[in-house]
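**Student:** File name structure22.txt; file contents compact mmCIF, C-alpha atoms; full text below.
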# COMPACT_ATOMS: atom_id res chain seq x y z
CA MET A 275 19.85 23.06 -29.36
CA ALA A 276 19.65 26.58 -30.75
CA ASN A 277 18.02 28.16 -27.71
CA THR A 278 20.46 26.67 -25.20
CA LYS A 279 21.06 28.99 -22.28
CA ASP A 280 22.93 26.86 -19.84
CA THR A 281 23.66 23.30 -18.87
CA MET A 282 22.59 21.03 -16.04
CA THR A 283 24.10 17.92 -14.51
CA VAL A 284 22.20 14.73 -15.33
CA LYS A 285 23.03 11.48 -13.55
CA VAL A 286 21.62 8.46 -15.34
CA TRP A 287 21.59 4.95 -13.94
CA ARG A 288 23.24 2.51 -16.32
CA GLY A 289 23.21 -1.20 -15.60
CA ASP A 290 21.09 -4.33 -15.47
CA LYS A 291 19.68 -6.77 -12.90
CA HIS A 292 23.20 -7.57 -11.69
CA GLY A 293 23.92 -3.98 -10.71
CA GLY A 294 24.88 -0.65 -12.13
CA ALA A 295 26.04 2.88 -11.45
CA TYR A 296 25.16 6.47 -12.23
CA HIS A 297 26.83 8.08 -15.24
CA GLU A 298 27.11 11.83 -15.22
CA PHE A 299 26.45 14.09 -18.19
CA ALA A 300 26.18 17.81 -18.89
CA VAL A 301 22.96 18.49 -20.77
CA PRO A 302 21.86 21.81 -22.28
CA ARG A 303 18.93 23.48 -20.52
CA GLN A 304 15.97 24.76 -22.48
CA ASP A 305 13.01 26.86 -21.51
CA ASN A 306 10.53 24.07 -22.07
CA GLN A 307 12.04 20.68 -21.54
CA THR A 308 10.64 17.48 -20.08
CA VAL A 309 12.66 14.78 -18.35
CA LEU A 310 11.91 12.52 -21.32
CA ASP A 311 13.37 15.20 -23.61
CA VAL A 312 16.55 15.08 -21.54
CA VAL A 313 16.80 11.29 -21.68
CA SER A 314 16.13 11.33 -25.43
CA TRP A 315 18.76 14.03 -25.95
CA LEU A 316 21.29 11.93 -24.08
CA GLN A 317 20.49 8.84 -26.11
CA GLN A 318 20.68 10.77 -29.39
CA ASN A 319 23.72 12.90 -28.62
CA ARG A 320 25.83 11.32 -25.92
CA ASP A 321 25.08 7.67 -25.30
CA PRO A 322 23.40 5.70 -28.12
CA ASN A 323 23.38 2.55 -25.97
CA LEU A 324 21.13 4.11 -23.36
CA SER A 325 17.91 2.11 -23.06
CA TYR A 326 14.61 3.65 -22.00
CA ARG A 327 10.93 3.33 -22.81
CA PHE A 328 8.43 5.77 -24.20
CA ALA A 329 5.62 5.75 -26.74
CA CYS A 330 2.97 8.47 -26.78
CA ARG A 331 4.88 11.40 -25.20
CA VAL A 332 1.59 12.97 -24.05
CA GLY A 333 0.78 11.16 -20.80
CA MET A 334 -1.56 8.53 -22.18
CA CYS A 335 0.37 5.30 -22.60
CA GLY A 336 2.11 4.96 -19.24
CA SER A 337 5.39 3.73 -20.76
CA CYS A 338 7.91 6.35 -19.70
CA ALA A 339 7.71 6.35 -15.89
CA MET A 340 11.10 6.57 -14.16
CA MET A 341 12.55 7.68 -10.86
CA VAL A 342 13.42 11.37 -11.12
CA ASN A 343 15.42 12.78 -8.19
CA GLY A 344 14.12 9.88 -6.08
CA THR A 345 10.48 10.33 -7.01
CA PRO A 346 8.48 8.19 -9.46
CA ARG A 347 7.16 10.34 -12.30
CA TRP A 348 5.78 10.16 -15.83
CA THR A 349 8.78 11.68 -17.53
CA CYS A 350 6.97 12.89 -20.66
CA ARG A 351 4.81 15.27 -18.62
CA THR A 352 7.41 16.26 -16.04
CA HIS A 353 9.05 19.58 -16.73
CA VAL A 354 12.70 19.80 -15.82
CA ASN A 355 12.14 23.25 -14.28
CA LYS A 356 9.83 21.77 -11.67
CA VAL A 357 12.06 18.92 -10.51
CA LEU A 358 15.61 20.16 -10.95
CA ASP A 359 17.44 20.05 -7.62
CA ALA A 360 20.69 22.04 -7.31
CA ASN A 361 20.84 22.08 -11.12
CA THR A 362 20.98 18.27 -11.04
CA LEU A 363 18.66 15.64 -12.38
CA VAL A 364 19.05 12.04 -11.17
CA VAL A 365 17.22 9.56 -13.39
CA ALA A 366 16.83 5.87 -12.54
CA PRO A 367 14.55 2.96 -13.46
CA LEU A 368 11.30 2.59 -11.50
CA ARG A 369 11.67 1.41 -7.92
CA ASN A 370 10.22 -1.93 -6.76
CA LEU A 371 10.68 -3.53 -10.18
CA PRO A 372 13.76 -5.44 -11.41
CA PRO A 373 15.80 -3.41 -13.93
CA ILE A 374 16.24 -4.99 -17.35
CA LYS A 375 18.71 -2.47 -18.72
CA ASP A 376 19.43 1.14 -17.82
CA LEU A 377 16.12 2.97 -17.40
CA VAL A 378 13.95 0.05 -18.50
CA ALA A 379 12.31 -1.75 -15.61
CA ASP A 380 10.79 -5.20 -15.96
CA MET A 381 7.02 -4.64 -15.75
CA ASP A 382 6.16 -8.36 -15.48
CA PRO A 383 5.64 -8.41 -11.68
CA PHE A 384 3.37 -5.38 -12.01
CA PHE A 385 1.15 -6.92 -14.69
CA ASP A 386 1.26 -10.41 -13.16
CA LYS A 387 -0.21 -8.93 -10.00
CA TRP A 388 -2.76 -7.04 -12.09
CA ILE A 389 -4.01 -10.43 -13.34
CA GLU A 390 -3.71 -11.99 -9.88
CA ALA A 391 -5.98 -9.29 -8.46
CA GLY A 392 -8.68 -10.31 -10.94
CA GLY A 393 -7.83 -7.59 -13.42
CA HIS A 394 -9.48 -9.25 -16.39
CA HIS A 395 -13.02 -8.95 -17.69
CA ASP A 396 -15.43 -11.69 -16.69
CA PRO A 397 -18.66 -10.64 -18.40
CA SER A 398 -22.08 -11.00 -16.77
CA ALA A 399 -23.82 -11.40 -20.13
CA SER A 400 -23.08 -12.78 -23.57
CA ARG A 401 -23.32 -10.98 -26.89
CA PHE A 402 -26.84 -12.36 -27.28
CA ASP A 403 -28.11 -10.69 -24.12
CA ALA A 404 -29.29 -7.12 -23.89
CA MET A 405 -26.70 -4.58 -22.75
CA PRO A 406 -27.19 -3.66 -19.10
CA GLN A 407 -28.53 -0.15 -18.78
CA ILE A 408 -26.32 1.85 -16.43
CA ALA A 409 -27.22 5.42 -15.60
CA PRO A 410 -24.22 7.77 -15.57
CA ASP A 411 -25.21 9.00 -12.11
CA ASP A 412 -25.52 5.47 -10.71
CA THR A 413 -23.61 5.33 -7.40
CA LYS A 414 -21.54 2.27 -8.27
CA ARG A 415 -20.82 3.62 -11.74
CA ALA A 416 -19.55 6.86 -10.21
CA VAL A 417 -17.17 4.86 -8.00
CA ALA A 418 -16.00 2.77 -10.95
CA ASN A 419 -15.45 5.94 -12.98
CA GLU A 420 -13.00 7.29 -10.41
CA SER A 421 -10.36 4.75 -11.37
CA ILE A 422 -10.80 4.04 -15.05
CA GLU A 423 -8.27 6.65 -16.11
CA CYS A 424 -5.38 4.50 -14.82
CA ILE A 425 -2.72 4.24 -17.53
CA ASN A 426 -0.70 1.43 -15.88
CA CYS A 427 2.41 3.55 -15.59
CA ALA A 428 3.38 1.82 -12.29
CA VAL A 429 4.24 5.13 -10.62
CA CYS A 430 2.04 4.12 -7.66
CA TYR A 431 3.71 0.70 -7.53
CA ALA A 432 7.14 2.34 -7.41
CA ALA A 433 6.00 4.84 -4.78
CA CYS A 434 4.52 2.22 -2.43
CA ASP A 435 6.60 1.29 0.63
CA THR A 436 4.42 -1.73 1.30
CA VAL A 437 5.33 -3.09 -2.14
CA ALA A 438 8.99 -2.45 -1.27
CA HIS A 439 8.76 -4.53 1.91
CA ASN A 440 6.26 -7.21 0.93
CA GLU A 441 6.88 -9.02 -2.33
CA ASN A 442 3.44 -10.65 -2.28
CA TYR A 443 1.54 -7.38 -2.03
CA LEU A 444 -0.53 -6.80 -5.16
CA GLY A 445 0.08 -3.06 -5.14
CA PRO A 446 -2.13 0.00 -5.60
CA ALA A 447 -2.82 -0.21 -9.35
CA ALA A 448 -3.96 -3.83 -9.36
CA LEU A 449 -6.13 -3.31 -6.28
CA GLN A 450 -7.63 -0.15 -7.73
CA ARG A 451 -8.50 -2.11 -10.86
CA ALA A 452 -10.17 -4.76 -8.71
CA TRP A 453 -12.23 -2.03 -7.02
CA THR A 454 -13.36 -0.77 -10.43
CA LEU A 455 -14.41 -4.27 -11.44
CA TYR A 456 -16.22 -4.81 -8.15
CA ASN A 457 -18.34 -1.73 -8.89
CA ASP A 458 -18.94 -2.64 -12.52
CA GLU A 459 -22.43 -3.97 -13.33
CA LYS A 460 -21.03 -5.83 -16.30
CA VAL A 461 -18.77 -8.00 -14.16
CA ASN A 462 -20.21 -11.42 -13.50
CA ASP A 463 -18.71 -12.63 -10.24
CA THR A 464 -17.84 -9.83 -7.85
CA ASP A 465 -17.32 -12.37 -5.04
CA ALA A 466 -14.40 -13.72 -7.06
CA VAL A 467 -12.95 -10.20 -7.22
CA LEU A 468 -13.17 -9.93 -3.43
CA ALA A 469 -11.61 -13.38 -3.00
CA ALA A 470 -8.72 -12.39 -5.28
CA VAL A 471 -7.87 -9.39 -3.08
CA SER A 472 -8.35 -11.13 0.28
CA GLY A 473 -5.32 -13.43 0.16
CA LYS A 474 -1.83 -13.17 1.54
CA GLY A 475 -0.82 -10.28 -0.72
CA GLY A 476 -4.24 -8.68 -0.76
CA CYS A 477 -5.67 -5.28 0.08
CA HIS A 478 -5.39 -5.83 3.85
CA ASN A 479 -1.63 -5.33 3.68
CA CYS A 480 -2.07 -1.66 2.79
CA HIS A 481 -0.91 0.67 5.58
CA SER A 482 -2.72 3.66 4.06
CA GLN A 483 0.50 5.65 3.78
CA GLY A 484 -0.94 7.26 0.67
CA SER A 485 2.14 7.49 -1.56
CA CYS A 486 0.08 5.99 -4.41
CA SER A 487 -2.47 8.78 -4.25
CA LEU A 488 0.20 11.42 -3.73
CA TYR A 489 2.27 10.48 -6.77
CA CYS A 490 -0.38 9.21 -9.21
CA PRO A 491 0.19 11.44 -12.27
CA ASN A 492 -3.49 11.21 -13.20
CA GLU A 493 -4.48 12.30 -9.69
CA LEU A 494 -6.39 9.10 -9.04
CA ASN A 495 -6.84 7.84 -5.49
CA PRO A 496 -5.81 4.18 -5.20
CA MET A 497 -5.72 4.48 -1.40
CA ARG A 498 -9.44 5.25 -1.36
CA ALA A 499 -10.09 2.33 -3.72
CA ILE A 500 -8.15 0.00 -1.41
CA ALA A 501 -10.10 1.32 1.59
CA GLY A 502 -13.27 0.48 -0.37
CA LEU A 503 -12.00 -3.05 -0.96
CA LYS A 504 -11.15 -3.50 2.73
CA SER A 505 -14.64 -2.44 3.68
CA ALA A 506 -16.32 -4.59 1.00
CA THR A 507 -14.30 -7.70 1.90
CA ILE A 508 -15.13 -7.35 5.59
CA LYS A 509 -18.86 -6.89 4.90
CA HIS A 510 -18.73 -9.91 2.61
CA GLN A 511 -16.92 -11.98 5.22
CA LEU A 512 -19.39 -11.02 7.96
CA LYS A 513 -22.30 -11.82 5.68
CA ARG A 514 -20.91 -15.29 5.13
CA GLY A 515 -20.89 -15.68 8.90
CA ARG A 516 -17.35 -16.93 9.18
CA MET B 25 -1.69 -10.47 6.20
CA ASP B 26 -4.91 -12.06 5.07
CA ILE B 27 -8.45 -10.97 5.81
CA ARG B 28 -8.88 -13.00 9.02
CA LEU B 29 -5.80 -11.54 10.68
CA TYR B 30 -6.87 -8.11 9.46
CA MET B 31 -10.33 -8.50 10.97
CA ALA B 32 -8.96 -9.85 14.26
CA GLN B 33 -6.60 -6.91 14.53
CA ARG B 34 -9.26 -4.31 13.73
CA LEU B 35 -11.78 -5.93 16.09
CA SER B 36 -9.23 -5.99 18.92
CA ALA B 37 -8.45 -2.33 18.20
CA ILE B 38 -12.14 -1.40 18.46
CA ILE B 39 -12.35 -3.21 21.79
CA MET B 40 -9.22 -1.48 23.06
CA ILE B 41 -10.30 2.10 22.29
CA PRO B 42 -12.65 2.54 25.29
CA LEU B 43 -10.49 0.28 27.48
CA VAL B 44 -7.35 2.38 26.90
CA PHE B 45 -9.19 5.55 27.86
CA GLY B 46 -10.71 3.80 30.89
CA HIS B 47 -7.29 2.51 31.91
CA LEU B 48 -5.61 5.92 31.59
CA GLY B 49 -8.52 7.65 33.33
CA VAL B 50 -8.44 5.25 36.28
CA MET B 51 -4.64 5.60 36.61
CA ILE B 52 -4.85 9.37 36.73
CA TYR B 53 -7.86 9.30 39.06
CA ALA B 54 -6.30 6.73 41.41
CA ILE B 55 -3.14 8.69 42.08
CA GLN B 56 -4.83 12.06 42.63
CA GLY B 57 -5.73 11.35 46.25
CA GLY B 58 -2.54 9.41 46.90
CA LEU B 59 -4.09 5.92 47.10
CA SER B 60 -1.65 3.28 48.29
CA ALA B 61 -1.26 -0.08 46.54
CA SER B 62 -3.17 -1.84 49.29
CA GLU B 63 -6.02 0.69 49.04
CA ILE B 64 -6.22 0.11 45.29
CA LEU B 65 -6.15 -3.66 45.76
CA SER B 66 -8.92 -3.45 48.34
CA ARG B 67 -11.08 -1.86 45.67
CA THR B 68 -10.17 -4.18 42.81
CA GLN B 69 -9.94 -7.58 44.52
CA GLY B 70 -13.17 -9.51 44.21
CA SER B 71 -14.51 -7.06 41.65
CA VAL B 72 -16.15 -8.79 38.70
CA PHE B 73 -16.15 -5.49 36.80
CA TRP B 74 -12.40 -4.95 37.00
CA PHE B 75 -11.79 -8.64 36.26
CA LEU B 76 -13.83 -8.37 33.05
CA PHE B 77 -12.40 -4.92 32.20
CA TYR B 78 -8.74 -5.96 32.43
CA GLY B 79 -9.36 -9.56 31.34
CA LEU B 80 -10.82 -8.29 28.07
CA PHE B 81 -8.04 -5.71 27.81
CA VAL B 82 -5.35 -8.36 28.12
CA ILE B 83 -6.94 -10.55 25.45
CA ALA B 84 -7.41 -7.62 23.05
CA VAL B 85 -3.85 -6.37 23.59
CA SER B 86 -2.39 -9.84 23.08
CA VAL B 87 -4.29 -10.42 19.84
CA HIS B 88 -3.55 -6.93 18.53
CA GLY B 89 0.11 -6.91 19.47
CA ALA B 90 0.81 -10.41 18.18
CA ILE B 91 -0.67 -9.70 14.75
CA GLY B 92 1.07 -6.32 14.59
CA LEU B 93 4.41 -7.92 15.48
CA ARG B 94 3.82 -10.52 12.76
CA THR B 95 3.32 -7.76 10.17
CA ILE B 96 6.42 -5.85 11.26
CA LEU B 97 8.61 -8.96 11.18
CA SER B 98 7.12 -9.99 7.84
CA GLU B 99 8.01 -6.66 6.23
CA PHE B 100 11.39 -6.00 7.83
CA LEU B 101 12.88 -9.48 8.24
CA ARG B 102 10.91 -11.26 5.50
CA LEU B 103 10.58 -14.43 7.57
CA ASN B 104 8.60 -17.32 6.12
CA ASP B 105 4.98 -17.94 7.10
CA LEU B 106 5.80 -20.78 9.47
CA ALA B 107 8.25 -18.66 11.47
CA LEU B 108 5.87 -15.70 11.45
CA ASP B 109 2.95 -17.78 12.71
CA ALA B 110 5.13 -19.40 15.40
CA ILE B 111 6.30 -15.99 16.65
CA MET B 112 2.77 -14.57 16.48
CA TRP B 113 1.26 -17.42 18.50
CA GLY B 114 4.19 -17.51 20.91
CA PHE B 115 4.07 -13.78 21.57
CA GLY B 116 0.27 -13.79 21.85
CA LEU B 117 0.10 -16.71 24.27
CA VAL B 118 2.92 -15.37 26.47
CA SER B 119 1.16 -11.98 26.55
CA ILE B 120 -2.13 -13.59 27.55
CA PHE B 121 -0.41 -15.71 30.22
CA MET B 122 1.46 -12.77 31.75
CA GLY B 123 -1.59 -10.53 31.50
CA ALA B 124 -3.84 -13.17 33.05
CA ARG B 125 -1.42 -13.51 35.98
CA ALA B 126 -1.54 -9.77 36.56
CA VAL B 127 -5.33 -9.60 36.26
CA SER B 128 -5.82 -12.51 38.65
CA ALA B 129 -3.40 -10.97 41.17
CA VAL B 130 -5.25 -7.67 41.12
CA THR B 131 -8.86 -8.81 40.94
CA TRP B 132 -9.05 -12.20 42.68
CA LEU B 133 -9.58 -12.41 46.39
Could you take the file, read its structure, and then write that structure out as structure tokens?

**Tutor:**
Amino acid sequence: MANTKDTMTVKVWRGDKHGGAYHEFAVPRQDNQTVLDVVSWLQQNRDPNLSYRFACRVGMCGSCAMMVNGTPRWTCRTHVNKVLDANTLVVAPLRNLPPIKDLVADMDPFFDKWIEAGGHHDPSASRFDAMPQIAPDDTKRAVANESIECINCAVCYAACDTVAHNENYLGPAALQRAWTLYNDEKVNDTDAVLAAVSGKGGCHNCHSQGSCSLYCPNELNPMRAIAGLKSATIKHQLKRGR
Amino acid sequence: MDIRLYMAQRLSAIIMIPLVFGHLGVMIYAIQGGLSASEILSRTQGSVFWFLFYGLFVIAVSVHGAIGLRTILSEFLRLNDLALDAIMWGFGLVSIFMGARAVSAVTWL
């Protein structure tokens, strides 16, 4: 910490699924410092028992998302300078997911819903068939492209108030994935995708509050994807004449 | 909320849009010249148009409100499906009954 100029107050949530509390630390400020740097510094210098997740450190793996001053963020790409409030940083595990320990949230509900929303590949052809030719400027391909950069960080899931109030709701990431699959030529049964998002926890629960699109670190637009699903499911339902 | 409730709520909303504006417009228009209740009733009683206008309004409002109430209770009280459906149907049917009474009183001879 050679270039230390000052310190800031960092409150870190410590605990597990039974409860916890914020522990306060003084951490040296640096000119260029991410929230993940701060958490790592704490773990290495102050509190070796502190648990947290990270892997790539460059915004690709989606492992390090946490609540930072009440907002879900990818901590590896969040500069302290931009989020510091009254020289204080409050770091907590992601909202809407059960905490395992300290800053590590249990991602199982998030990924279970991903699967529930049809988020697996059901190919329309086998390896013996010719590859479908899809032009890059194909309309459906363009729609599918909008969402493929999702890194599964669960920031949108943590930001969503509908997820907070409705435990069945599949959430923005899973529904956005379903929308990608629906627009993918290589997916066999798009009706099954629509059926998977039309149930009790499906896309129709979305109130279009837009927190997912506001906080998505990759600037994707899950709200638009969910609107697409709503429209597609209704057209499908009307076509079936029921 | 599943897709059927969603569609019923959106459809009822589409029906209500022109009816709400018609309702507000008529209210404002009716009081401009200082029409009395009996003068208004003399215009509405026996009118098939106003019977259909407010009859449809009552049905749309009841469907829309009942489903909306179900969603609110589901998210804030986390009641089970059975309780939610019972409240939704109860609220909807009471709304239709009360609305139908009002419509019949205003439009029937």

**Student:** Interatomic distance between CA of Trp132 in chain B and CA of Gly70 in chain B?

**Tutor:** 5.2 Å

**Student:** Find the residues around Leu444 in chain A up to 7 Å (only C-alpha atoms counted), leave out those fewer than 6 positions away in its own chain, and share them as a list of chain:residue names.

**Tutor:**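 Listing them by chain and then by number gives A:Lys387, A:Ala391, A:Gly475, A:Gly476.
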
**Student:** Rounded to one decimal place, report the CA of Asp458 in chain A-CA of Lys414 in chain A distance in Å.

**Tutor:**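 Interatomic distance here is 7.0 Å.
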
**Student:** So which one's closest to Asn419 in chain A, A:Asn440, A:Asn361, A:Gln304, A:Asn495? Using all atoms listed in the file, please.

**Tutor:**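 Closest residue, counting all atoms listed in the file: A:Asn495.
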
**Student:** Can you check which residues of chain B have any atom within 7 Å of chain A? Use only C-alpha atoms and format it as an mmCIF file with C-alpha atoms, in the frame of the given file.

**Tutor:**
data_model
loop_
_atom_site.group_PDB
_atom_site.id
_atom_site.type_symbol
_atom_site.label_atom_id
_atom_site.label_comp_id
_atom_site.auth_asym_id
_atom_site.auth_seq_id
_atom_site.Cartn_x
_atom_site.Cartn_y
_atom_site.Cartn_z
ATOM 1 C CA MET B 25 -1.690 -10.470 6.200
ATOM 2 C CA ASP B 26 -4.910 -12.060 5.070
ATOM 3 C CA ILE B 27 -8.450 -10.970 5.810
ATOM 4 C CA TYR B 30 -6.870 -8.110 9.460
ATOM 5 C CA GLU B 99 8.010 -6.660 6.230
ATOM 6 C CA PHE B 100 11.390 -6.000 7.830
#

**Student:** One decimal, in Å: what's the spacing between CA of Asp463 in chain A and CA of Gly393 in chain A?

**Tutor:** 12.4 Å

**Student:** Restricting the calculation to all atoms listed in the file, which member of B:Ile96, B:Ala54, B:Leu59, B:Ile91 is positioned closest to Met31 in chain B?

**Tutor:**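 Of the candidates, the smallest distance to Met31 in chain B is held by B:Ile91.
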
**Student:** Applying 6 Å and only C-alpha atoms, which residues near range 497-502 of chain A remain after dropping the ones on its own chain fewer than 3 positions away? List them as a list of chain:residue names.

**Tutor:**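 So, after excluding close chain neighbours, the residues are A:Gln450, A:Trp453, A:Gly484, A:Ser505.
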
**Student:** Filtering to C-alpha atoms, could you give me those residues as a compact mmCIF listing (two decimals), in the coordinates of the input?

**Tutor:**
# COMPACT_ATOMS: atom_id res chain seq x y z
CA GLN A 450 -7.63 -0.15 -7.73
CA TRP A 453 -12.23 -2.03 -7.02
CA GLY A 484 -0.94 7.26 0.67
CA SER A 505 -14.64 -2.44 3.68

**Student:** For a cutoff of 12 Å around the file-coordinate point (13.4, 12.3, -26.5), which residues qualify once you count only C-alpha atoms? I'd like the result as a PyMOL selection string.

**Tutor:** chain A and resi 307-319+324-331+338+349-350

**Student:** Can those selected residues be exported to a file as a PDB file, in the frame of the given file so that it contains C-alpha atoms?

**Tutor:**
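Wrote it out as selection-v9.pdb, contents follow:
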ATOM      1  CA  GLN A 307      12.040  20.680 -21.540  1.00  0.00           C
ATOM      2  CA  THR A 308      10.640  17.480 -20.080  1.00  0.00           C
ATOM      3  CA  VAL A 309      12.660  14.780 -18.350  1.00  0.00           C
ATOM      4  CA  LEU A 310      11.910  12.520 -21.320  1.00  0.00           C
ATOM      5  CA  ASP A 311      13.370  15.200 -23.610  1.00  0.00           C
ATOM      6  CA  VAL A 312      16.550  15.080 -21.540  1.00  0.00           C
ATOM      7  CA  VAL A 313      16.800  11.290 -21.680  1.00  0.00           C
ATOM      8  CA  SER A 314      16.130  11.330 -25.430  1.00  0.00           C
ATOM      9  CA  TRP A 315      18.760  14.030 -25.950  1.00  0.00           C
ATOM     10  CA  LEU A 316      21.290  11.930 -24.080  1.00  0.00           C
ATOM     11  CA  GLN A 317      20.490   8.840 -26.110  1.00  0.00           C
ATOM     12  CA  GLN A 318      20.680  10.770 -29.390  1.00  0.00           C
ATOM     13  CA  ASN A 319      23.720  12.900 -28.620  1.00  0.00           C
ATOM     14  CA  LEU A 324      21.130   4.110 -23.360  1.00  0.00           C
ATOM     15  CA  SER A 325      17.910   2.110 -23.060  1.00  0.00           C
ATOM     16  CA  TYR A 326      14.610   3.650 -22.000  1.00  0.00           C
ATOM     17  CA  ARG A 327      10.930   3.330 -22.810  1.00  0.00           C
ATOM     18  CA  PHE A 328       8.430   5.770 -24.200  1.00  0.00           C
ATOM     19  CA  ALA A 329       5.620   5.750 -26.740  1.00  0.00           C
ATOM     20  CA  CYS A 330       2.970   8.470 -26.780  1.00  0.00           C
ATOM     21  CA  ARG A 331       4.880  11.400 -25.200  1.00  0.00           C
ATOM     22  CA  CYS A 338       7.910   6.350 -19.700  1.00  0.00           C
ATOM     23  CA  THR A 349       8.780  11.680 -17.530  1.00  0.00           C
ATOM     24  CA  CYS A 350       6.970  12.890 -20.660  1.00  0.00           C
TER      25      CYS A 350
END

**Student:** Choose the residue, out of B:Ile111, B:Leu65, B:Val85, B:Ile41, that has the smallest atom-to-atom separation from Leu97 in chain B; count all atoms listed in the file.

**Tutor:**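 Checking each of B:Ile111, B:Leu65, B:Val85, B:Ile41 against Leu97 in chain B, counting all atoms listed in the file, the winner is B:Ile111.
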
**Student:** Name all residues at most 9 Å from Phe77 in chain B (count only C-alpha atoms; drop same-chain ones fewer than 5 positions away) and give them as a PyMOL selection string.

**Tutor:** chain B and resi 43+46+72+82

**Student:** Skipping near chain neighbours, those fewer than 5 positions away, what residues fall within 9 Å of Trp348 in chain A using all atoms listed in the file, listed as a ChimeraX atom specification?

**Tutor:** /A:309-310,333,336-341,427,429,491

**Student:** Go ahead and fit an axis-aligned box to every listed atom of range 431-445 of chain A plus 5 Å each side, and pass me the centre and edge lengths in Å, one decimal, as lines of an AutoDock Vina configuration file.

**Tutor:**
center_x = 4.2
center_y = -2.9
center_z = -2.8
size_x = 19.5
size_y = 25.5
size_z = 19.4

**Student:** I'd like the contact shell of Ile64 in chain B - 10 Å cut-off, only C-alpha atoms, skipping same-chain residues fewer than 4 positions apart - returned as a list in words.

**Tutor:**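 Residues meeting the cut-off are Ala54, Ile55, Leu59, Ser60, Thr68, Gln69 and Val130 of chain B.
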
**Student:** Please report as a Markdown table every residue of range 374-447 of chain A lying within 12 Å of range 279-302 of chain A, along with the nearest atom pair and their distance in Å (one decimal), using all atoms listed in the file.

**Tutor:**
| residue | atom | partner | partner_atom | distance |
| --- | --- | --- | --- | --- |
| A:Ile374 | CA | A:Asp290 | CA | 5.2 |
| A:Lys375 | CA | A:Asp290 | CA | 4.4 |
| A:Asp376 | CA | A:Arg288 | CA | 4.3 |
| A:Leu377 | CA | A:Trp287 | CA | 6.8 |
| A:Val378 | CA | A:Asp290 | CA | 8.9 |
| A:Ala379 | CA | A:Asp290 | CA | 9.2 |
| A:Asp380 | CA | A:Lys291 | CA | 9.5 |

**Student:** Around (-5.5, -6.2, -15.2), as given in the file, which residues come within 10 Å? Count only C-alpha atoms and list them as number ranges by chain.

**Tutor:** A: 384-395, 426, 447-452, 455

**Student:** Mind dumping the selected residues with C-alpha atoms as a PDB file, keeping the file's coordinate frame?

**Tutor:**
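Listed below is the output, selection_36.pdb:
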ATOM      1  CA  PHE A 384       3.370  -5.380 -12.010  1.00  0.00           C
ATOM      2  CA  PHE A 385       1.150  -6.920 -14.690  1.00  0.00           C
ATOM      3  CA  ASP A 386       1.260 -10.410 -13.160  1.00  0.00           C
ATOM      4  CA  LYS A 387      -0.210  -8.930 -10.000  1.00  0.00           C
ATOM      5  CA  TRP A 388      -2.760  -7.040 -12.090  1.00  0.00           C
ATOM      6  CA  ILE A 389      -4.010 -10.430 -13.340  1.00  0.00           C
ATOM      7  CA  GLU A 390      -3.710 -11.990  -9.880  1.00  0.00           C
ATOM      8  CA  ALA A 391      -5.980  -9.290  -8.460  1.00  0.00           C
ATOM      9  CA  GLY A 392      -8.680 -10.310 -10.940  1.00  0.00           C
ATOM     10  CA  GLY A 393      -7.830  -7.590 -13.420  1.00  0.00           C
ATOM     11  CA  HIS A 394      -9.480  -9.250 -16.390  1.00  0.00           C
ATOM     12  CA  HIS A 395     -13.020  -8.950 -17.690  1.00  0.00           C
ATOM     13  CA  ASN A 426      -0.700   1.430 -15.880  1.00  0.00           C
ATOM     14  CA  ALA A 447      -2.820  -0.210  -9.350  1.00  0.00           C
ATOM     15  CA  ALA A 448      -3.960  -3.830  -9.360  1.00  0.00           C
ATOM     16  CA  LEU A 449      -6.130  -3.310  -6.280  1.00  0.00           C
ATOM     17  CA  GLN A 450      -7.630  -0.150  -7.730  1.00  0.00           C
ATOM     18  CA  ARG A 451      -8.500  -2.110 -10.860  1.00  0.00           C
ATOM     19  CA  ALA A 452     -10.170  -4.760  -8.710  1.00  0.00           C
ATOM     20  CA  LEU A 455     -14.410  -4.270 -11.440  1.00  0.00           C
TER      21      LEU A 455
END
